[in-house]
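A.B. asks: Please find one structure pasted underneath; my questions will follow.
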Amino acid sequence: AQSVTQPDIHITVSEGASLELRCNYSYGATPYLFWYVQSPGQGLQLLLKYFSGDTLVQGIKGFEAEFKRSQSSFNLRKPSVHWSDAAEYFCAVGRYSSASKIIFGSGTRLSIRP
Amino acid sequence: SQTIHQWPATLVQPVGSPLSLECTVEGTSNPNLYWYRQAAGRGLQLLFYSVGIGQISSEVPQNLSASRPQDRQFILSSKKLLLSDSGFYLCAWTLRGQGKETQYFGPGTRLLVL
């Protein structure tokens with residue numbers, strides 16, 4: 001069965017510092033992967049997605065993620081965080097199916113230290 | 001462009017009362033539609049999905065039901081709410097395609113059952 005693990009429940013980084021949020025997945029075939037961001041009380045916004053091809057994908061708001069098949073990981077990175085990046089971040093993995101269902105990790109809450 | 005709407009934005013209901021949450025999508029046809037629940041501080045749990053009018057698949061047994069009376073309308077219902085039904089309910093849609101489409105989310109409905 002497919003699953004997604006986000007090992008960090010809460011991370012605090014200083015404004016201007018670099019960021020890496022971890023995501024590990026379990027899936028028996030080539031997955032397709034997403035990162036979403038959720039501000040308090042809001043819906044989810046797509047940051048980036050990986051389906052195939054180049055394993056380093058660029059997203060919105062200066063985020064990028066790298067797919068590493070050997071490590072079953074899809075970590076999200078940003079070289080310099082801004083206070084507005086404070087939010088909940090969700091990694092998700094999908095499997096090819098007629099319904100395009102995806103499984104979400106439990107999320108990582110990012111706080112920014114001034 | 002496509003837009004997804006959910007209403008109401010917030011709802012406070014007594015235990016045992018009925019529930020109806022509505023989701024509509026504009027700007028596309030034949031979408032796949034999804035209902036998720038997000039409990040406080042938790043990830044997203046897929047409740048129902050639909051690949052067409054009148055076609056509903058349930059992911060977990062529960063006190064809720066879903067219906068799709070029109071192509072771009074998805075309704076989440078309950079006859080008698082439980083305290084455990086409290087949470088943040090999110091609707092999402094995808095294009096109907098190759099089975100690995102991106103899900104796009106609505107703004108959500110916060111439900112508090114007292």
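Residues in the structure tokens are named by chain (A, B, ... in the order shown) and by number from 1 within that chain; ligands are numbered from 1 in the order shown.
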With only C-alpha atoms counted and 7 Å as the cut-off, give the residues of chain B in contact with chain A, each with its shortest interatomic distance in Å and the pair that gives it, as CSV.

C.D. replies:
residue,atom,partner,partner_atom,distance
B:Asn32,CA,A:Ala99,CA,6.7
B:Arg42,CA,A:Ser106,CA,5.8
B:Gly43,CA,A:Ser106,CA,4.1
B:Leu44,CA,A:Phe104,CA,6.2
B:Val51,CA,A:Ala99,CA,6.4
B:Leu90,CA,A:Gly43,CA,6.9
B:Gly99,CA,A:Ser97,CA,4.6
B:Lys100,CA,A:Ser100,CA,5.0
B:Glu101,CA,A:Ser100,CA,5.8
B:Phe105,CA,A:Leu44,CA,5.7
B:Gly106,CA,A:Gly43,CA,5.6
B:Pro107,CA,A:Gly43,CA,4.3
B:Gly108,CA,A:Gly43,CA,5.6

A.B. asks: Would you return as a ChimeraX atom specification the members of chain B that DSSP assigns to strand (DSSP E) on this structure's backbone?

C.D. replies: /B:3-7,10-13,19-26,32-38,44-52,55-58,65-70,73-78,87-94,104-105,109-113

A.B. asks: Looking at A:Leu76, A:Leu110, A:Val4, A:Val93, which one is nearest to Val57 (chain A), with distances taken over only C-alpha atoms?

C.D. replies: A:Leu76

A.B. asks: Could you pull the residues within 12 Å of region 59-65 of chain B, counting only C-alpha atoms, minus those fewer than 4 positions along the same chain, as an NGL selection string?

C.D. replies: (:A and (101 or 103)) or (:B and (16 or 18-21 or 34-37 or 45-50 or 74-86 or 89))

A.B. asks: For those residues, write N, CA, C and O atoms to a file as a CSV table (one decimal), in the first residue's frame.

C.D. replies:
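Result file follows (result.csv):
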chain,number,residue,atom,x,y,z
A,101,LYS,N,-6.5,9.4,-7.5
A,101,LYS,CA,-6.5,9.5,-6.0
A,101,LYS,C,-5.0,9.7,-5.5
A,101,LYS,O,-4.1,9.2,-6.1
A,103,ILE,N,-2.6,10.3,-1.8
A,103,ILE,CA,-2.5,10.1,-0.3
A,103,ILE,C,-1.6,11.2,0.2
A,103,ILE,O,-0.5,11.5,-0.3
B,16,GLY,N,-26.8,15.7,16.2
B,16,GLY,CA,-28.1,15.2,15.8
B,16,GLY,C,-28.8,15.9,14.7
B,16,GLY,O,-29.8,15.4,14.2
B,18,PRO,N,-29.1,17.7,10.8
B,18,PRO,CA,-28.6,17.3,9.5
B,18,PRO,C,-27.5,18.2,9.0
B,18,PRO,O,-27.3,19.3,9.5
B,19,LEU,N,-26.9,17.8,7.9
B,19,LEU,CA,-25.8,18.5,7.3
B,19,LEU,C,-25.9,18.5,5.8
B,19,LEU,O,-26.2,17.4,5.2
B,20,SER,N,-25.6,19.6,5.2
B,20,SER,CA,-25.4,19.7,3.7
B,20,SER,C,-24.3,20.7,3.4
B,20,SER,O,-24.5,21.9,3.7
B,21,LEU,N,-23.2,20.2,2.8
B,21,LEU,CA,-22.2,21.1,2.4
B,21,LEU,C,-22.1,20.9,0.8
B,21,LEU,O,-22.2,19.9,0.3
B,34,TYR,N,-13.8,15.3,-5.3
B,34,TYR,CA,-13.3,14.7,-4.0
B,34,TYR,C,-13.8,15.5,-2.8
B,34,TYR,O,-13.8,16.7,-2.8
B,35,TRP,N,-14.1,14.7,-1.7
B,35,TRP,CA,-14.4,15.3,-0.4
B,35,TRP,C,-13.3,14.8,0.5
B,35,TRP,O,-13.1,13.6,0.6
B,36,TYR,N,-12.6,15.7,1.2
B,36,TYR,CA,-11.7,15.4,2.3
B,36,TYR,C,-12.1,16.0,3.6
B,36,TYR,O,-12.8,17.0,3.6
B,37,ARG,N,-11.7,15.3,4.7
B,37,ARG,CA,-11.8,15.9,6.0
B,37,ARG,C,-10.5,16.1,6.6
B,37,ARG,O,-9.6,15.2,6.5
B,45,GLN,N,-7.9,13.3,5.1
B,45,GLN,CA,-8.5,12.0,4.9
B,45,GLN,C,-9.5,12.1,3.8
B,45,GLN,O,-10.5,12.8,3.8
B,46,LEU,N,-9.3,11.3,2.7
B,46,LEU,CA,-10.3,11.2,1.6
B,46,LEU,C,-11.5,10.5,2.1
B,46,LEU,O,-11.5,9.4,2.6
B,47,LEU,N,-12.6,11.2,1.9
B,47,LEU,CA,-13.9,10.6,2.3
B,47,LEU,C,-14.7,10.0,1.2
B,47,LEU,O,-15.1,8.8,1.2
B,48,PHE,N,-14.8,10.7,0.1
B,48,PHE,CA,-15.6,10.3,-1.1
B,48,PHE,C,-14.9,10.9,-2.3
B,48,PHE,O,-14.3,11.9,-2.3
B,49,TYR,N,-15.1,10.1,-3.4
B,49,TYR,CA,-14.7,10.7,-4.7
B,49,TYR,C,-15.8,10.3,-5.8
B,49,TYR,O,-16.5,9.3,-5.6
B,50,SER,N,-15.8,11.0,-6.8
B,50,SER,CA,-16.8,10.8,-7.9
B,50,SER,C,-16.2,11.0,-9.3
B,50,SER,O,-15.6,12.1,-9.5
B,74,PHE,N,-21.0,18.8,-6.1
B,74,PHE,CA,-20.7,17.7,-5.2
B,74,PHE,C,-21.2,18.0,-3.9
B,74,PHE,O,-20.9,19.1,-3.4
B,75,ILE,N,-22.0,17.2,-3.2
B,75,ILE,CA,-22.7,17.5,-2.0
B,75,ILE,C,-22.3,16.5,-0.9
B,75,ILE,O,-22.3,15.3,-1.2
B,76,LEU,N,-22.0,17.0,0.3
B,76,LEU,CA,-21.6,16.1,1.4
B,76,LEU,C,-22.8,16.3,2.4
B,76,LEU,O,-23.1,17.4,2.8
B,77,SER,N,-23.3,15.2,2.9
B,77,SER,CA,-24.5,15.2,3.7
B,77,SER,C,-24.4,14.3,4.9
B,77,SER,O,-23.6,13.4,4.9
B,78,SER,N,-25.2,14.6,5.9
B,78,SER,CA,-25.4,13.7,7.0
B,78,SER,C,-26.8,13.9,7.5
B,78,SER,O,-27.4,15.0,7.5
B,79,LYS,N,-27.4,12.8,8.0
B,79,LYS,CA,-28.8,12.9,8.6
B,79,LYS,C,-28.7,13.3,10.0
B,79,LYS,O,-29.6,14.0,10.5
B,80,LYS,N,-27.7,12.8,10.7
B,80,LYS,CA,-27.5,13.2,12.1
B,80,LYS,C,-26.1,13.4,12.5
B,80,LYS,O,-25.3,12.4,12.5
B,81,LEU,N,-25.7,14.6,12.8
B,81,LEU,CA,-24.3,14.9,13.0
B,81,LEU,C,-23.8,14.3,14.4
B,81,LEU,O,-24.6,14.3,15.4
B,82,LEU,N,-22.6,13.9,14.4
B,82,LEU,CA,-21.9,13.5,15.6
B,82,LEU,C,-20.8,14.5,16.0
B,82,LEU,O,-20.4,15.2,15.2
B,83,LEU,N,-20.4,14.5,17.3
B,83,LEU,CA,-19.3,15.4,17.7
B,83,LEU,C,-18.1,15.1,16.9
B,83,LEU,O,-17.4,16.1,16.5
B,84,SER,N,-17.9,13.9,16.5
B,84,SER,CA,-16.6,13.5,15.8
B,84,SER,C,-16.7,14.0,14.3
B,84,SER,O,-15.7,13.9,13.6
B,85,ASP,N,-17.8,14.5,13.9
B,85,ASP,CA,-17.8,15.0,12.5
B,85,ASP,C,-17.2,16.4,12.4
B,85,ASP,O,-17.1,17.0,11.3
B,86,SER,N,-16.9,17.0,13.5
B,86,SER,CA,-16.3,18.4,13.5
B,86,SER,C,-15.0,18.3,12.7
B,86,SER,O,-14.2,17.3,12.8
B,89,TYR,N,-13.6,20.7,6.1
B,89,TYR,CA,-14.0,19.8,4.9
B,89,TYR,C,-13.5,20.5,3.7
B,89,TYR,O,-13.9,21.7,3.4

A.B. asks: Considering only C-alpha atoms, return as a PDB file with C-alpha atoms, in the first residue's frame whatever protein or nucleic-acid residues lie within 7 Å of Trp7 (chain B), sequence-local ones (same chain, fewer than 3 positions apart) excluded.

C.D. replies:
ATOM      1  CA  LEU B  21     -22.158  21.061   2.358  1.00  0.00           C
ATOM      2  CA  GLU B  22     -21.926  22.073  -1.259  1.00  0.00           C
ATOM      3  CA  CYS B  23     -19.060  22.225  -3.716  1.00  0.00           C
ATOM      4  CA  THR B 109     -15.799  24.607   5.166  1.00  0.00           C
TER       5      THR B 109
END

A.B. asks: Kindly give the distance, in Å, that separates CA of Ser17 (chain B) and CA of Arg110 (chain B), rounded to a single decimal.

C.D. replies: 15.9 Å

A.B. asks: I need the residue nearest Val81 (chain A) from this list: A:Gly62, A:Tyr25, A:Trp35, A:Asp54. Use only C-alpha atoms for the distance.

C.D. replies: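 Once distances to Val81 (chain A) are computed over only C-alpha atoms, the minimum belongs to A:Gly62.
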
A.B. asks: Write out as an mmCIF file with N, CA and C atoms, in the first residue's frame the residues lying within 8 Å of Gln13 (chain B), counting only C-alpha atoms and excluding same-chain residues fewer than 5 positions away.

C.D. replies:
data_model
loop_
_atom_site.group_PDB
_atom_site.id
_atom_site.type_symbol
_atom_site.label_atom_id
_atom_site.label_comp_id
_atom_site.auth_asym_id
_atom_site.auth_seq_id
_atom_site.Cartn_x
_atom_site.Cartn_y
_atom_site.Cartn_z
ATOM 1 N N LEU B 81 -25.659 14.571 12.755
ATOM 2 C CA LEU B 81 -24.262 14.865 13.024
ATOM 3 C C LEU B 81 -23.819 14.321 14.377
ATOM 4 N N LEU B 111 -16.536 23.053 10.055
ATOM 5 C CA LEU B 111 -17.742 22.559 10.728
ATOM 6 C C LEU B 111 -17.437 22.303 12.192
ATOM 7 N N LEU B 112 -18.247 22.885 13.035
ATOM 8 C CA LEU B 112 -18.141 22.645 14.476
ATOM 9 C C LEU B 112 -19.470 22.062 14.945
ATOM 10 N N VAL B 113 -19.396 20.860 15.490
ATOM 11 C CA VAL B 113 -20.585 20.198 16.014
ATOM 12 C C VAL B 113 -20.550 20.287 17.532
ATOM 13 N N LEU B 114 -21.606 20.858 18.118
ATOM 14 C CA LEU B 114 -21.633 21.077 19.570
ATOM 15 C C LEU B 114 -22.677 20.202 20.247
#
